[in-house]
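Student: Got a file for you: protein02.cif, mmCIF, C-alpha atoms.
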```
data_work
loop_
_atom_site.group_PDB
_atom_site.id
_atom_site.type_symbol
_atom_site.label_atom_id
_atom_site.label_comp_id
_atom_site.auth_asym_id
_atom_site.auth_seq_id
_atom_site.Cartn_x
_atom_site.Cartn_y
_atom_site.Cartn_z
ATOM 1 C CA MET A 186 9.433 22.275 13.560
ATOM 2 C CA ASN A 187 12.424 21.022 15.534
ATOM 3 C CA LYS A 188 15.566 23.084 14.712
ATOM 4 C CA ASN A 189 17.691 19.990 13.996
ATOM 5 C CA LEU A 190 15.043 18.484 11.732
ATOM 6 C CA GLU A 191 14.748 21.806 9.920
ATOM 7 C CA LEU A 192 18.545 21.905 9.434
ATOM 8 C CA PHE A 193 18.578 18.340 8.134
ATOM 9 C CA LEU A 194 15.671 18.808 5.722
ATOM 10 C CA THR A 195 16.987 22.127 4.424
ATOM 11 C CA PHE A 196 20.422 20.748 3.633
ATOM 12 C CA LEU A 197 18.927 17.495 2.331
ATOM 13 C CA LYS A 198 16.910 19.588 -0.149
ATOM 14 C CA ILE A 199 20.023 21.555 -1.146
ATOM 15 C CA GLY A 200 21.988 18.341 -1.648
ATOM 16 C CA ALA A 201 19.203 16.663 -3.604
ATOM 17 C CA PHE A 202 18.278 19.480 -5.980
ATOM 18 C CA THR A 203 21.587 21.008 -6.993
ATOM 19 C CA PHE A 204 24.075 19.522 -9.399
ATOM 20 C CA GLY A 205 27.583 20.642 -10.194
ATOM 21 C CA GLY A 206 29.253 20.860 -6.814
ATOM 22 C CA GLY A 207 29.601 23.526 -4.173
ATOM 23 C CA TYR A 208 29.629 26.576 -6.428
ATOM 24 C CA ALA A 209 26.413 25.497 -8.109
ATOM 25 C CA MET A 210 24.898 25.024 -4.640
ATOM 26 C CA LEU A 211 25.830 28.507 -3.403
ATOM 27 C CA PRO A 212 22.722 30.355 -4.642
ATOM 28 C CA LEU A 213 20.420 27.815 -2.994
ATOM 29 C CA ILE A 214 22.500 27.709 0.207
ATOM 30 C CA GLN A 215 22.472 31.503 0.381
ATOM 31 C CA SER A 216 18.745 31.678 -0.251
ATOM 32 C CA GLU A 217 17.896 29.020 2.322
ATOM 33 C CA VAL A 218 20.127 30.223 5.158
ATOM 34 C CA GLU A 219 18.941 33.807 4.699
ATOM 35 C CA ARG A 220 15.288 32.712 4.482
ATOM 36 C CA HIS A 221 15.608 30.783 7.743
ATOM 37 C CA GLY A 222 17.466 33.667 9.375
ATOM 38 C CA TRP A 223 20.507 31.527 10.112
ATOM 39 C CA LEU A 224 22.926 33.959 8.407
ATOM 40 C CA THR A 225 22.840 37.434 6.916
ATOM 41 C CA GLN A 226 24.108 38.168 3.399
ATOM 42 C CA ALA A 227 27.400 39.477 4.772
ATOM 43 C CA GLU A 228 27.816 36.405 6.985
ATOM 44 C CA VAL A 229 27.207 34.130 3.980
ATOM 45 C CA VAL A 230 30.104 35.820 2.172
ATOM 46 C CA ASP A 231 32.307 35.396 5.260
ATOM 47 C CA PHE A 232 31.328 31.732 5.548
ATOM 48 C CA ILE A 233 32.127 31.223 1.848
ATOM 49 C CA ALA A 234 35.602 32.668 2.439
ATOM 50 C CA VAL A 235 36.142 30.412 5.458
ATOM 51 C CA SER A 236 34.752 27.385 3.594
ATOM 52 C CA GLU A 237 37.079 28.035 0.676
ATOM 53 C CA SER A 238 40.049 28.381 3.011
ATOM 54 C CA THR A 239 39.519 25.084 4.804
ATOM 55 C CA PRO A 240 40.035 21.573 3.440
ATOM 56 C CA GLY A 241 37.037 19.770 2.032
ATOM 57 C CA PRO A 242 34.168 20.444 -0.343
ATOM 58 C CA LEU A 243 32.677 23.945 -0.221
ATOM 59 C CA ALA A 244 29.062 22.862 0.287
ATOM 60 C CA VAL A 245 29.953 20.396 3.041
ATOM 61 C CA ASN A 246 32.005 23.047 4.822
ATOM 62 C CA MET A 247 29.160 25.557 4.487
ATOM 63 C CA ALA A 248 26.639 23.058 5.849
ATOM 64 C CA THR A 249 28.943 22.201 8.748
ATOM 65 C CA PHE A 250 29.537 25.865 9.620
ATOM 66 C CA VAL A 251 25.856 26.774 9.399
ATOM 67 C CA GLY A 252 24.897 23.707 11.428
ATOM 68 C CA MET A 253 27.500 24.521 14.073
ATOM 69 C CA ARG A 254 26.330 28.122 14.250
ATOM 70 C CA THR A 255 22.690 27.117 14.441
ATOM 71 C CA GLY A 256 22.723 23.948 16.518
ATOM 72 C CA GLY A 257 26.206 23.360 17.903
ATOM 73 C CA VAL A 258 28.068 20.114 17.269
ATOM 74 C CA LEU A 259 24.862 18.124 16.767
ATOM 75 C CA GLY A 260 23.607 20.747 14.308
ATOM 76 C CA ALA A 261 26.901 20.539 12.389
ATOM 77 C CA ILE A 262 26.630 16.760 12.123
ATOM 78 C CA ILE A 263 22.973 16.884 11.086
ATOM 79 C CA ALA A 264 23.465 19.604 8.439
ATOM 80 C CA THR A 265 26.509 17.795 7.046
ATOM 81 C CA LEU A 266 24.611 14.504 6.820
ATOM 82 C CA GLY A 267 21.739 16.306 5.135
ATOM 83 C CA ILE A 268 23.892 17.758 2.387
ATOM 84 C CA ILE A 269 25.956 14.620 1.658
ATOM 85 C CA LEU A 270 23.231 11.969 1.889
ATOM 86 C CA PRO A 271 21.618 12.669 -1.529
ATOM 87 C CA SER A 272 24.984 12.585 -3.327
ATOM 88 C CA PHE A 273 25.967 9.406 -1.517
ATOM 89 C CA ILE A 274 22.737 7.660 -2.536
ATOM 90 C CA ILE A 275 22.910 8.945 -6.129
ATOM 91 C CA ILE A 276 26.530 7.821 -6.519
ATOM 92 C CA LEU A 277 25.639 4.358 -5.210
ATOM 93 C CA ILE A 278 22.821 4.094 -7.755
ATOM 94 C CA ILE A 279 24.998 5.416 -10.601
ATOM 95 C CA ALA A 280 27.821 3.029 -9.713
ATOM 96 C CA LYS A 281 25.372 0.132 -9.788
ATOM 97 C CA CYS A 282 23.918 1.126 -13.172
ATOM 98 C CA PHE A 283 26.868 2.833 -14.890
ATOM 99 C CA GLU A 284 28.056 0.042 -17.175
ATOM 100 C CA LYS A 285 24.542 -0.749 -18.314
ATOM 101 C CA TYR A 286 23.614 2.843 -19.267
ATOM 102 C CA GLU A 287 27.035 4.342 -20.044
ATOM 103 C CA LYS A 288 26.357 4.597 -23.797
ATOM 104 C CA SER A 289 22.696 5.603 -23.470
ATOM 105 C CA LYS A 290 21.619 8.608 -25.552
ATOM 106 C CA ALA A 291 19.211 9.646 -22.798
ATOM 107 C CA VAL A 292 22.004 9.735 -20.206
ATOM 108 C CA GLY A 293 24.206 11.680 -22.646
ATOM 109 C CA GLY A 294 21.342 14.116 -23.244
ATOM 110 C CA ILE A 295 20.787 14.616 -19.537
ATOM 111 C CA MET A 296 24.464 15.345 -19.002
ATOM 112 C CA SER A 297 24.503 17.777 -21.962
ATOM 113 C CA GLY A 298 21.542 19.611 -20.466
ATOM 114 C CA LEU A 299 23.037 19.781 -16.988
ATOM 115 C CA LYS A 300 26.376 21.294 -18.050
ATOM 116 C CA PRO A 301 25.019 24.738 -19.063
ATOM 117 C CA ALA A 302 22.717 24.800 -16.034
ATOM 118 C CA VAL A 303 25.696 24.182 -13.744
ATOM 119 C CA GLY A 304 27.636 26.957 -15.483
ATOM 120 C CA GLY A 305 24.695 29.298 -14.960
ATOM 121 C CA MET A 306 24.442 28.404 -11.269
ATOM 122 C CA ILE A 307 28.158 29.058 -10.771
ATOM 123 C CA GLY A 308 27.772 32.407 -12.554
ATOM 124 C CA ALA A 309 24.786 33.281 -10.362
ATOM 125 C CA ALA A 310 26.816 32.455 -7.245
ATOM 126 C CA PHE A 311 29.652 34.701 -8.438
ATOM 127 C CA ILE A 312 27.263 37.588 -9.133
ATOM 128 C CA SER A 313 25.501 37.145 -5.795
ATOM 129 C CA VAL A 314 28.744 37.144 -3.805
ATOM 130 C CA ALA A 315 30.198 40.060 -5.798
ATOM 131 C CA ARG A 316 27.003 42.080 -5.283
ATOM 132 C CA THR A 317 27.096 41.461 -1.530
ATOM 133 C CA VAL A 318 30.783 42.343 -1.242
ATOM 134 C CA PHE A 319 30.978 45.348 -3.567
ATOM 135 C CA PHE A 320 27.454 46.716 -3.715
ATOM 136 C CA PRO A 321 25.830 46.043 -0.310
ATOM 137 C CA SER A 322 23.820 49.272 -0.571
ATOM 138 C CA GLY A 323 23.129 48.968 -4.286
ATOM 139 C CA VAL A 324 25.149 49.800 -7.384
ATOM 140 C CA SER A 325 26.762 53.217 -7.256
ATOM 141 C CA VAL A 326 29.798 54.928 -8.730
ATOM 142 C CA SER A 327 31.373 55.149 -5.264
ATOM 143 C CA ALA A 328 31.706 51.345 -5.137
ATOM 144 C CA PHE A 329 34.148 51.505 -8.059
ATOM 145 C CA SER A 330 36.318 54.041 -6.252
ATOM 146 C CA ALA A 331 36.584 51.923 -3.087
ATOM 147 C CA VAL A 332 40.038 50.509 -2.377
ATOM 148 C CA SER A 333 38.567 47.057 -1.711
ATOM 149 C CA PHE A 334 37.187 46.918 -5.266
ATOM 150 C CA TRP A 335 40.624 47.612 -6.768
ATOM 151 C CA VAL A 336 42.336 45.141 -4.431
ATOM 152 C CA PHE A 337 39.830 42.508 -5.549
ATOM 153 C CA LEU A 338 40.345 43.374 -9.206
ATOM 154 C CA GLY A 339 44.128 43.141 -8.788
ATOM 155 C CA LEU A 340 43.890 39.822 -6.958
ATOM 156 C CA PHE A 341 41.476 38.450 -9.546
ATOM 157 C CA ALA A 342 43.774 39.486 -12.417
ATOM 158 C CA ALA A 343 46.878 38.094 -10.701
ATOM 159 C CA ALA A 344 45.150 34.811 -9.811
ATOM 160 C CA SER A 345 43.855 34.471 -13.383
ATOM 161 C CA VAL A 346 47.320 34.993 -14.877
ATOM 162 C CA LEU A 347 48.923 32.585 -12.397
ATOM 163 C CA ALA A 348 46.237 29.954 -13.042
ATOM 164 C CA PHE A 349 46.731 30.359 -16.798
ATOM 165 C CA LYS A 350 50.474 29.837 -16.276
ATOM 166 C CA LYS A 351 49.647 26.604 -14.385
ATOM 167 C CA VAL A 352 50.931 27.807 -10.997
ATOM 168 C CA HIS A 353 49.758 25.369 -8.328
ATOM 169 C CA PRO A 354 46.385 26.454 -6.837
ATOM 170 C CA ILE A 355 47.699 26.239 -3.268
ATOM 171 C CA LYS A 356 50.376 28.811 -4.103
ATOM 172 C CA ILE A 357 47.719 31.096 -5.623
ATOM 173 C CA ILE A 358 45.488 30.745 -2.556
ATOM 174 C CA LEU A 359 48.364 31.450 -0.168
ATOM 175 C CA LEU A 360 49.524 34.458 -2.208
ATOM 176 C CA SER A 361 45.961 35.804 -2.335
ATOM 177 C CA ALA A 362 45.599 35.368 1.422
ATOM 178 C CA VAL A 363 48.839 37.214 2.123
ATOM 179 C CA ILE A 364 47.928 40.068 -0.243
ATOM 180 C CA GLY A 365 44.432 40.244 1.255
ATOM 181 C CA ILE A 366 45.804 40.390 4.799
ATOM 182 C CA VAL A 367 48.377 43.042 3.900
ATOM 183 C CA ALA A 368 45.766 45.087 2.022
ATOM 184 C CA GLY A 369 43.237 44.635 4.816
ATOM 185 C CA TYR A 370 45.583 45.804 7.551
ATOM 186 C CA GLY A 371 47.549 48.315 5.510
ATOM 187 C CA LEU A 372 44.544 49.958 3.858
ATOM 188 C CA GLY A 373 42.057 49.519 6.691
ATOM 189 C CA LEU A 374 39.594 47.447 4.620
#
```
Mind converting the file's structure to structure tokens?
Tutor:
Amino acid sequence: MNKNLELFLTFLKIGAFTFGGGYAMLPLIQSEVERHGWLTQAEVVDFIAVSESTPGPLAVNMATFVGMRTGGVLGAIIATLGIILPSFIIILIIAKCFEKYEKSKAVGGIMSGLKPAVGGMIGAAFISVARTVFFPSGVSVSAFSAVSFWVFLGLFAAASVLAFKKVHPIKIILLSAVIGIVAGYGLGL
């Protein structure tokens, strides 16, 4: 199959069959890009970090980066179109029908069923990324003694407290980046 068609169809499938935004899409994105050999597990984690650090939706950024890596500028455009097209079409349909079905019990039931599934997908993405970062060779006691694990734990705790105190997310991201850079250079991570 043509590489660009494969990129388009892969990201079209990801966009069409995942609900809940970028984090809910991460397990499927990771699975697909690894299955096609476009990225390794470690590269997926790096691309997630870059996608989170750049403006725009996570899944769109991931699709753009993977497309660029795989097929250059044309690949980036094709992968991005693939991932956004299903949402665009669905939103157009929902906008057309919203008032008519807004109070429908079936629509309410669908939304109630999707919420826990989205939460589960986000949890699966977190576990997958954490496993790749902290346990690339499998779970072992040595992973818990690594400096990177404790830096992560400290950053996670600090970010959680700051978020709870309603500190602006941009300030939390910038602080985390600075701490990560200092820890990375200072501790040789």
Student: Determine the nearest neighbour of Glu228 of chain A from the options A:Ile269, A:Gly241, A:Val314, A:Ala261, counting all atoms listed in the file.
Tutor: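 For Glu228 of chain A, the nearest of the given residues is A:Val314.
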Student: Kindly give the distance, in Å, that separates atom CA of Ala302 of chain A and atom CA of Thr203 of chain A, rounded to a single decimal.
Tutor: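 Separation of atom CA of Ala302 of chain A and atom CA of Thr203 of chain A: 9.9 Å.
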Student: Convert the output of the PyMOL selection byres ((chain A and resi 260) around 10) on the shown file into explicit residues, formatted as a list in words.
Tutor: Lys188, Asn189, Leu190, Glu191, Leu192, Phe193, Ala248, Thr249, Phe250, Val251, Gly252, Met253, Arg254, Thr255, Gly256, Gly257, Val258, Leu259, Ala261, Ile262, Ile263, Ala264, Thr265 and Leu266 of chain A
Student: Output as a tab-separated table one row per residue of segment 211-301 of chain A within 12 Å of segment 305-308 of chain A: the closest atom pair and its distance in Å to one decimal place, counting all atoms listed in the file, sorted by chain and residue number ascending.
Tutor:
```
residue	atom	partner	partner_atom	distance
A:Leu211	CA	A:Ile307	CA	7.7
A:Pro212	CA	A:Met306	CA	7.1
A:Leu213	CA	A:Met306	CA	9.2
A:Ile214	CA	A:Met306	CA	11.7
A:Gly298	CA	A:Gly305	CA	11.6
A:Leu299	CA	A:Gly305	CA	9.9
A:Lys300	CA	A:Gly305	CA	8.7
A:Pro301	CA	A:Gly305	CA	6.1
```
Student: Check what the PyMOL selection byres ((chain A and resi 336) around 10) selects in the file above and give those residues as a list in words.
Tutor: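 Evaluating the PyMOL selection byres ((chain A and resi 336) around 10) on these coordinates yields Ala331, Val332, Ser333, Phe334, Trp335, Phe337, Leu338, Gly339, Leu340, Phe341, Ala342, Ile364, Gly365, Ala368, Gly369, Leu372 and Leu374 of chain A.
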Student: Please evaluate the PyMOL selection byres ((chain A and resi 233) around 10) against the structure above and give the resulting residues as a list of chain:residue names.
Tutor: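 Here the PyMOL selection byres ((chain A and resi 233) around 10) matches A:Tyr208, A:Leu211, A:Gln215, A:Ala227, A:Glu228, A:Val229, A:Val230, A:Asp231, A:Phe232, A:Ala234, A:Val235, A:Ser236, A:Glu237, A:Ser238, A:Leu243, A:Ala244, A:Asn246, A:Met247, A:Phe250, A:Val314.
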Student: Quick one, how far is atom CA of Glu217 of chain A from atom CA of Gly304 of chain A?
Tutor: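 Here the two named atoms are 20.4 Å from each other.
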Student: By how many Å are atom CA of Pro354 of chain A and atom CA of Pro242 of chain A apart?
Tutor: 15.1 Å
Student: Which polymer residues have any atom within 10 Å of an atom of segment 273-284 of chain A, counting all atoms listed in the file, with same-chain residues fewer than 5 positions away left out, as number ranges by chain?
Tutor: A: 200-201, 266, 268, 289, 292
Student: My list of candidates is A:Phe196, A:Lys290, A:Ile358, A:Ala348. Which is closest to His221 of chain A when distances are computed with all atoms listed in the file?
Tutor: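 Checking each of A:Phe196, A:Lys290, A:Ile358, A:Ala348 against His221 of chain A, counting all atoms listed in the file, the winner is A:Phe196.
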